[in-house]
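J.: Just dropping this structure here.
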There are 2 protein chains.
Amino acid sequence: MCKECGCGLTEETSTKEAVKVFENILKFNEEQAKHNRHHLEEHGIFSINLMSGPGAGKTTLLEKTIEALKDSYRIGVVEGDLETERDAERIRSKGIPAYQITTGTACHLDAALLHKAMHHLPLDEIDILFVENIGNLVCPANYDLGTHLNVTLLSVPEGEDKPEKYPLIFKNSELVLITKIDLLPYFDFDLEKVKAQIRKINPKAKVHGISAKTGEGFQEWIEFIKAKVEEYKKSLASK
Amino acid sequence: MCKECGCGLTEETSTKEAVKVFENILKFNEEQAKHNRHHLEEHGIFSINLMSGPGAGKTTLLEKTIEALKDSYRIGVVEGDLETERDAERIRSKGIPAYQITTGTACHLDAALLHKAMHHLPLDEIDILFVENIGNLVCPANYDLGTHLNVTLLSVPEGEDKPEKYPLIFKNSELVLITKIDLLPYFDFDLEKVKAQIRKINPKAKVHGISAKTGEGFQEWIEFIKAKVEEYKKSLASK
């Protein structure tokens, strides 16, 4: 019963039920993520989960990253979208194996979806698997996919208030890329202020500005990935 | 049991349970939305649900819209964010009653959240209630709030492929505002192509370009709201 207007409606039952189911879903997702991680290790694959709001430039960054890495590593890609094969097609046109997940109405990828997708890729022929999550700054942050590195992109046009408004995704990311920094002159976006905000939410996060258009900051991103992959290979070898 | 790798994990139980709960949640939300609509009608309030991805410019548009309408109508605002009172404070600084919902991790507003928020506002002193939804192009589309008009904003920097990738929110909106059109010269964004795409998803949708910065297209937006409010008042009077 709503105390304010006595309308007889209450969200309590519905909410309690939902919280319980959500806990079960996250628990199941955790198991599945662990399983994915095991799968990836079996095949010696290092995997990166790219997250951001819609239009922060994940696919464009991925295309350029593939160009920069494909002579040194064998790459595979899993694309997540509600609809269309568009992004997977963009990647495949570069000769890279890519599997498109279309979720319909679901707002994030989960470990089970990634697991299914992985079995559509030639896992024995991949060194680095990029997963491009659904464009959403909220829900993807809740779901561990079993990947090794969470990277969140925040683009300059989205605005400098986003880390404070959507803290979880920044908290759960090892690296935050501030993208489209070539647009800084046109926007009221204080890069140093945003970096400080993110570090407040996640003191361990690296925060790095990048422009896929001008190439600024791009080489550092490539070196970061390479170092991570080599570190991973070493950890596998010592097992 | 996963057929591909025989891992013993299955998402089936978890998924079925989740689908059932989701259906219940939506059913409850529908009742609550109907109740909200009744509340709003009792008070003669016309209500607008503003949706978009993060950083498409909802709050800025709202600030300018309030300036343009506040001499003709009494305005109230409900703000939705994961964290911070920032947006409600921006609105209150204009002398407008505003209630901030912070959802924590939840990725959308629902009718029950709006219902609670409404009881924190002076409903007898409001003609138009704006609801600024969480910045998310996916989940808010699933939840009827009981408002009278769904408006979705898509900003030029987000990219022209978004309607095809996130169709539901465009399907459920009567008006789509293409925002930040002052940035068209800097982006590969074909306005006519995007309009055609949206009309394919939702033939009844009005699609309108706007810039809060230069004012282009702004007056048409204000006239659109005024016409909707007058139409609503007439429909109430004839009841």
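Going by the structure tokens order, chains are called A, B, ..., each with residues numbered from 1, while ligands are numbered from 1 in the order shown.
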How close does each residue of segment 25-133 of chain A get to segment 211-229 of chain A, giving the shortest atom pair and distance in Å to one decimal for every residue with an atom at most 10 Å away, counting only C-alpha atoms, sorted by chain and residue number, as a tab-separated table?

T.:
```
residue	atom	partner	partner_atom	distance
A:Gly44	CA	A:Val229	CA	9.9
A:Ile45	CA	A:Val229	CA	8.8
A:Phe46	CA	A:Val229	CA	6.2
A:Ser47	CA	A:Val229	CA	8.9
A:Ile48	CA	A:Ile225	CA	9.0
A:Gly57	CA	A:Ala212	CA	8.3
A:Lys58	CA	A:Ala212	CA	9.9
A:Thr60	CA	A:Ala212	CA	7.1
A:Leu61	CA	A:Ala212	CA	6.0
A:Leu62	CA	A:Ala212	CA	9.5
A:Glu63	CA	A:Ala212	CA	9.5
A:Lys64	CA	A:Ala212	CA	7.3
A:Thr65	CA	A:Ile222	CA	7.0
A:Ile66	CA	A:Ile222	CA	9.7
A:Ala68	CA	A:Ile222	CA	7.4
A:Leu69	CA	A:Ile222	CA	7.6
A:Ser72	CA	A:Lys226	CA	9.4
A:Tyr73	CA	A:Lys226	CA	9.4
A:Asp127	CA	A:Val229	CA	8.6
A:Ile128	CA	A:Val229	CA	7.9
```

J.: Taking only segment 75-118 of chain B into account, list the residues labelled helix (DSSP H, G or I) by DSSP (computed from the backbone), as a list in words.

T.: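 Those residues are Arg86, Asp87, Ala88, Glu89, Arg90, Ile91, Arg92, Ala111, Ala112, Leu113, Leu114, His115, Lys116, Ala117 and Met118 of chain B.
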
J.: Which residues, written as a list in words, have at least one atom at most 12 Å from His39 of chain B, with only C-alpha atoms counted and residues fewer than 6 positions away on the same chain left out?

T.: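 Skipping anything fewer than 6 positions along the chain leaves Glu4, Cys5, Gly6 and Cys7 of chain A; Gln32, Ala33, Ile45, Phe46, Ser47, Ala111, Leu114, His115, Lys116, Met118, His119, Leu123, Asp124, Leu145, Gly146 and Thr147 of chain B.
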
J.: Considering only C-alpha atoms, tabulate each residue of segment 3-108 of chain B that lies at most 12 Å from segment 150-157 of chain A along with its nearest interatomic pair and the corresponding distance in Å to one decimal; arrange the rows by chain and ascending residue number and present them as a Markdown table.

T.:
```
| residue | atom | partner | partner_atom | distance |
| --- | --- | --- | --- | --- |
| B:Gly53 | CA | A:Pro157 | CA | 11.6 |
| B:Pro54 | CA | A:Pro157 | CA | 9.7 |
| B:Gly55 | CA | A:Pro157 | CA | 6.9 |
| B:Ala56 | CA | A:Pro157 | CA | 8.2 |
| B:Gly57 | CA | A:Pro157 | CA | 9.5 |
```

J.: Excluding Tyr99 of chain B and any residue of its chain fewer than 3 positions from it, enumerate the residues within 10 Å of it, using only C-alpha atoms, and give them as JSON, numbers by chain.

T.: {"B": [76, 77, 78, 79, 80, 85, 87, 88, 89, 91, 92, 96, 102, 114, 116, 117, 118, 119, 120, 121, 131]}

J.: Keeping only N, CA and C atoms, write the selected residues to a file as a PDB file, in the first residue's frame.

T.:
```pdb
ATOM      1  N   GLY B  76       7.623  21.403 -13.274  1.00  0.00           N
ATOM      2  CA  GLY B  76       8.240  20.547 -12.255  1.00  0.00           C
ATOM      3  C   GLY B  76       9.141  19.543 -12.948  1.00  0.00           C
ATOM      4  N   VAL B  77      10.152  19.059 -12.215  1.00  0.00           N
ATOM      5  CA  VAL B  77      11.127  18.155 -12.845  1.00  0.00           C
ATOM      6  C   VAL B  77      11.440  16.985 -11.911  1.00  0.00           C
ATOM      7  N   VAL B  78      11.508  15.798 -12.482  1.00  0.00           N
ATOM      8  CA  VAL B  78      12.067  14.640 -11.780  1.00  0.00           C
ATOM      9  C   VAL B  78      13.321  14.229 -12.531  1.00  0.00           C
ATOM     10  N   GLU B  79      14.436  14.140 -11.793  1.00  0.00           N
ATOM     11  CA  GLU B  79      15.718  13.788 -12.394  1.00  0.00           C
ATOM     12  C   GLU B  79      16.091  12.359 -12.019  1.00  0.00           C
ATOM     13  N   GLY B  80      16.573  11.588 -12.968  1.00  0.00           N
ATOM     14  CA  GLY B  80      17.049  10.241 -12.682  1.00  0.00           C
ATOM     15  C   GLY B  80      18.530  10.110 -12.959  1.00  0.00           C
ATOM     16  N   GLU B  85      23.207  14.472  -6.891  1.00  0.00           N
ATOM     17  CA  GLU B  85      22.040  15.362  -6.941  1.00  0.00           C
ATOM     18  C   GLU B  85      22.273  16.471  -7.965  1.00  0.00           C
ATOM     19  N   ASP B  87      22.039  17.118 -11.229  1.00  0.00           N
ATOM     20  CA  ASP B  87      21.082  17.628 -12.211  1.00  0.00           C
ATOM     21  C   ASP B  87      19.907  18.331 -11.535  1.00  0.00           C
ATOM     22  N   ALA B  88      19.414  17.758 -10.430  1.00  0.00           N
ATOM     23  CA  ALA B  88      18.303  18.409  -9.719  1.00  0.00           C
ATOM     24  C   ALA B  88      18.745  19.784  -9.220  1.00  0.00           C
ATOM     25  N   GLU B  89      19.995  19.876  -8.760  1.00  0.00           N
ATOM     26  CA  GLU B  89      20.503  21.178  -8.291  1.00  0.00           C
ATOM     27  C   GLU B  89      20.543  22.207  -9.429  1.00  0.00           C
ATOM     28  N   ILE B  91      18.573  22.338 -11.925  1.00  0.00           N
ATOM     29  CA  ILE B  91      17.196  22.762 -12.212  1.00  0.00           C
ATOM     30  C   ILE B  91      16.669  23.662 -11.088  1.00  0.00           C
ATOM     31  N   ARG B  92      16.949  23.277  -9.834  1.00  0.00           N
ATOM     32  CA  ARG B  92      16.449  24.068  -8.692  1.00  0.00           C
ATOM     33  C   ARG B  92      17.009  25.481  -8.708  1.00  0.00           C
ATOM     34  N   ILE B  96      12.849  26.181  -9.952  1.00  0.00           N
ATOM     35  CA  ILE B  96      11.878  25.161 -10.381  1.00  0.00           C
ATOM     36  C   ILE B  96      11.935  23.989  -9.397  1.00  0.00           C
ATOM     37  N   THR B 102      18.016   8.833  -7.204  1.00  0.00           N
ATOM     38  CA  THR B 102      19.297   8.170  -7.494  1.00  0.00           C
ATOM     39  C   THR B 102      19.062   6.672  -7.349  1.00  0.00           C
ATOM     40  N   LEU B 114       8.973   6.759 -10.232  1.00  0.00           N
ATOM     41  CA  LEU B 114       8.379   8.061 -10.564  1.00  0.00           C
ATOM     42  C   LEU B 114       7.242   8.388  -9.599  1.00  0.00           C
ATOM     43  N   LYS B 116       6.874   7.515  -6.462  1.00  0.00           N
ATOM     44  CA  LYS B 116       7.438   8.016  -5.198  1.00  0.00           C
ATOM     45  C   LYS B 116       7.915   9.455  -5.347  1.00  0.00           C
ATOM     46  N   ALA B 117       8.612   9.707  -6.448  1.00  0.00           N
ATOM     47  CA  ALA B 117       9.165  11.046  -6.681  1.00  0.00           C
ATOM     48  C   ALA B 117       8.062  12.091  -6.786  1.00  0.00           C
ATOM     49  N   MET B 118       6.970  11.721  -7.457  1.00  0.00           N
ATOM     50  CA  MET B 118       5.858  12.661  -7.651  1.00  0.00           C
ATOM     51  C   MET B 118       5.319  13.168  -6.309  1.00  0.00           C
ATOM     52  N   HIS B 119       5.319  12.277  -5.319  1.00  0.00           N
ATOM     53  CA  HIS B 119       4.794  12.674  -4.010  1.00  0.00           C
ATOM     54  C   HIS B 119       5.738  13.591  -3.238  1.00  0.00           C
ATOM     55  N   HIS B 120       6.887  13.858  -3.801  1.00  0.00           N
ATOM     56  CA  HIS B 120       7.795  14.852  -3.218  1.00  0.00           C
ATOM     57  C   HIS B 120       7.685  16.208  -3.920  1.00  0.00           C
ATOM     58  N   LEU B 121       6.770  16.301  -4.873  1.00  0.00           N
ATOM     59  CA  LEU B 121       6.625  17.552  -5.621  1.00  0.00           C
ATOM     60  C   LEU B 121       5.253  18.170  -5.348  1.00  0.00           C
ATOM     61  N   VAL B 131      10.389  14.517 -16.910  1.00  0.00           N
ATOM     62  CA  VAL B 131      11.126  13.446 -16.253  1.00  0.00           C
ATOM     63  C   VAL B 131      12.375  13.188 -17.076  1.00  0.00           C
TER      64      VAL B 131
END
```

J.: Hey, list the chain B side of the contact with chain A: 6 Å cut-off, only C-alpha atoms, answer as an mmCIF file with N, CA and C atoms, in the first residue's frame.

T.:
```cif
data_model
loop_
_atom_site.group_PDB
_atom_site.id
_atom_site.type_symbol
_atom_site.label_atom_id
_atom_site.label_comp_id
_atom_site.auth_asym_id
_atom_site.auth_seq_id
_atom_site.Cartn_x
_atom_site.Cartn_y
_atom_site.Cartn_z
ATOM 1 N N GLY B 55 25.013 11.799 -21.949
ATOM 2 C CA GLY B 55 25.691 12.919 -22.593
ATOM 3 C C GLY B 55 25.087 13.401 -23.904
ATOM 4 N N LEU B 82 22.201 7.529 -11.553
ATOM 5 C CA LEU B 82 22.684 6.489 -10.654
ATOM 6 C C LEU B 82 23.156 7.117 -9.346
ATOM 7 N N GLU B 83 23.882 8.199 -9.487
ATOM 8 C CA GLU B 83 24.447 8.880 -8.318
ATOM 9 C C GLU B 83 24.386 10.395 -8.545
ATOM 10 N N CYS B 107 19.429 0.784 -13.987
ATOM 11 C CA CYS B 107 19.787 1.397 -15.262
ATOM 12 C C CYS B 107 18.649 2.143 -15.925
ATOM 13 N N VAL B 138 19.028 1.817 -23.853
ATOM 14 C CA VAL B 138 18.427 0.486 -23.902
ATOM 15 C C VAL B 138 17.250 0.353 -22.919
ATOM 16 N N GLU B 158 27.187 10.767 -31.184
ATOM 17 C CA GLU B 158 26.945 9.342 -30.918
ATOM 18 C C GLU B 158 26.993 8.491 -32.185
ATOM 19 N N GLY B 159 26.749 9.099 -33.326
ATOM 20 C CA GLY B 159 26.886 8.355 -34.573
ATOM 21 C C GLY B 159 25.570 7.958 -35.196
ATOM 22 N N LYS B 165 20.819 0.155 -34.257
ATOM 23 C CA LYS B 165 21.382 -0.698 -33.213
ATOM 24 C C LYS B 165 20.531 -0.740 -31.948
#
```

J.: Give me every strand (DSSP E) residue in segment 72-161 of chain B, going by DSSP on the backbone, as a count of residues only.

T.: 27

J.: Identify which of the residues A:Leu129, A:Arg74, A:Ile101, A:Leu175 lies closest to Lys206 of chain A, counting only C-alpha atoms when measuring atom-to-atom distances.

T.: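 Answer, going by the shortest atom-to-atom distance: A:Leu175.
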
J.: In Å, how far is it from atom CA of Ile210 of chain A to atom CA of Asp182 of chain A?

T.: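 We find that atom CA of Ile210 of chain A and atom CA of Asp182 of chain A lie 8.2 Å from each other.
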
J.: May I ask which of the residues A:Asn133, A:Met51, A:Glu42, A:Ala98 is the closest one to Asp110 of chain A, counting only C-alpha atoms?

T.: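 So, comparing all the options, the nearest one is A:Asn133.
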
J.: So what do you get for atom CA of Ala196 of chain A versus atom CA of Tyr143 of chain A, distance-wise?

T.: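 About the pair atom CA of Ala196 of chain A and atom CA of Tyr143 of chain A: they are 25.5 Å apart.
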
J.: So the first atom is atom CA of Ile198 of chain B and the second is atom CA of Leu177 of chain B; what is the distance between them in Å, to one decimal place?

T.: 10.9 Å

J.: Between B:Glu125, B:Asp71, B:Glu132, B:Glu30, single out the one closest to Pro97 of chain B, counting only C-alpha atoms.

T.: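 Residue with the minimum atom-to-atom distance to Pro97 of chain B: B:Glu125.
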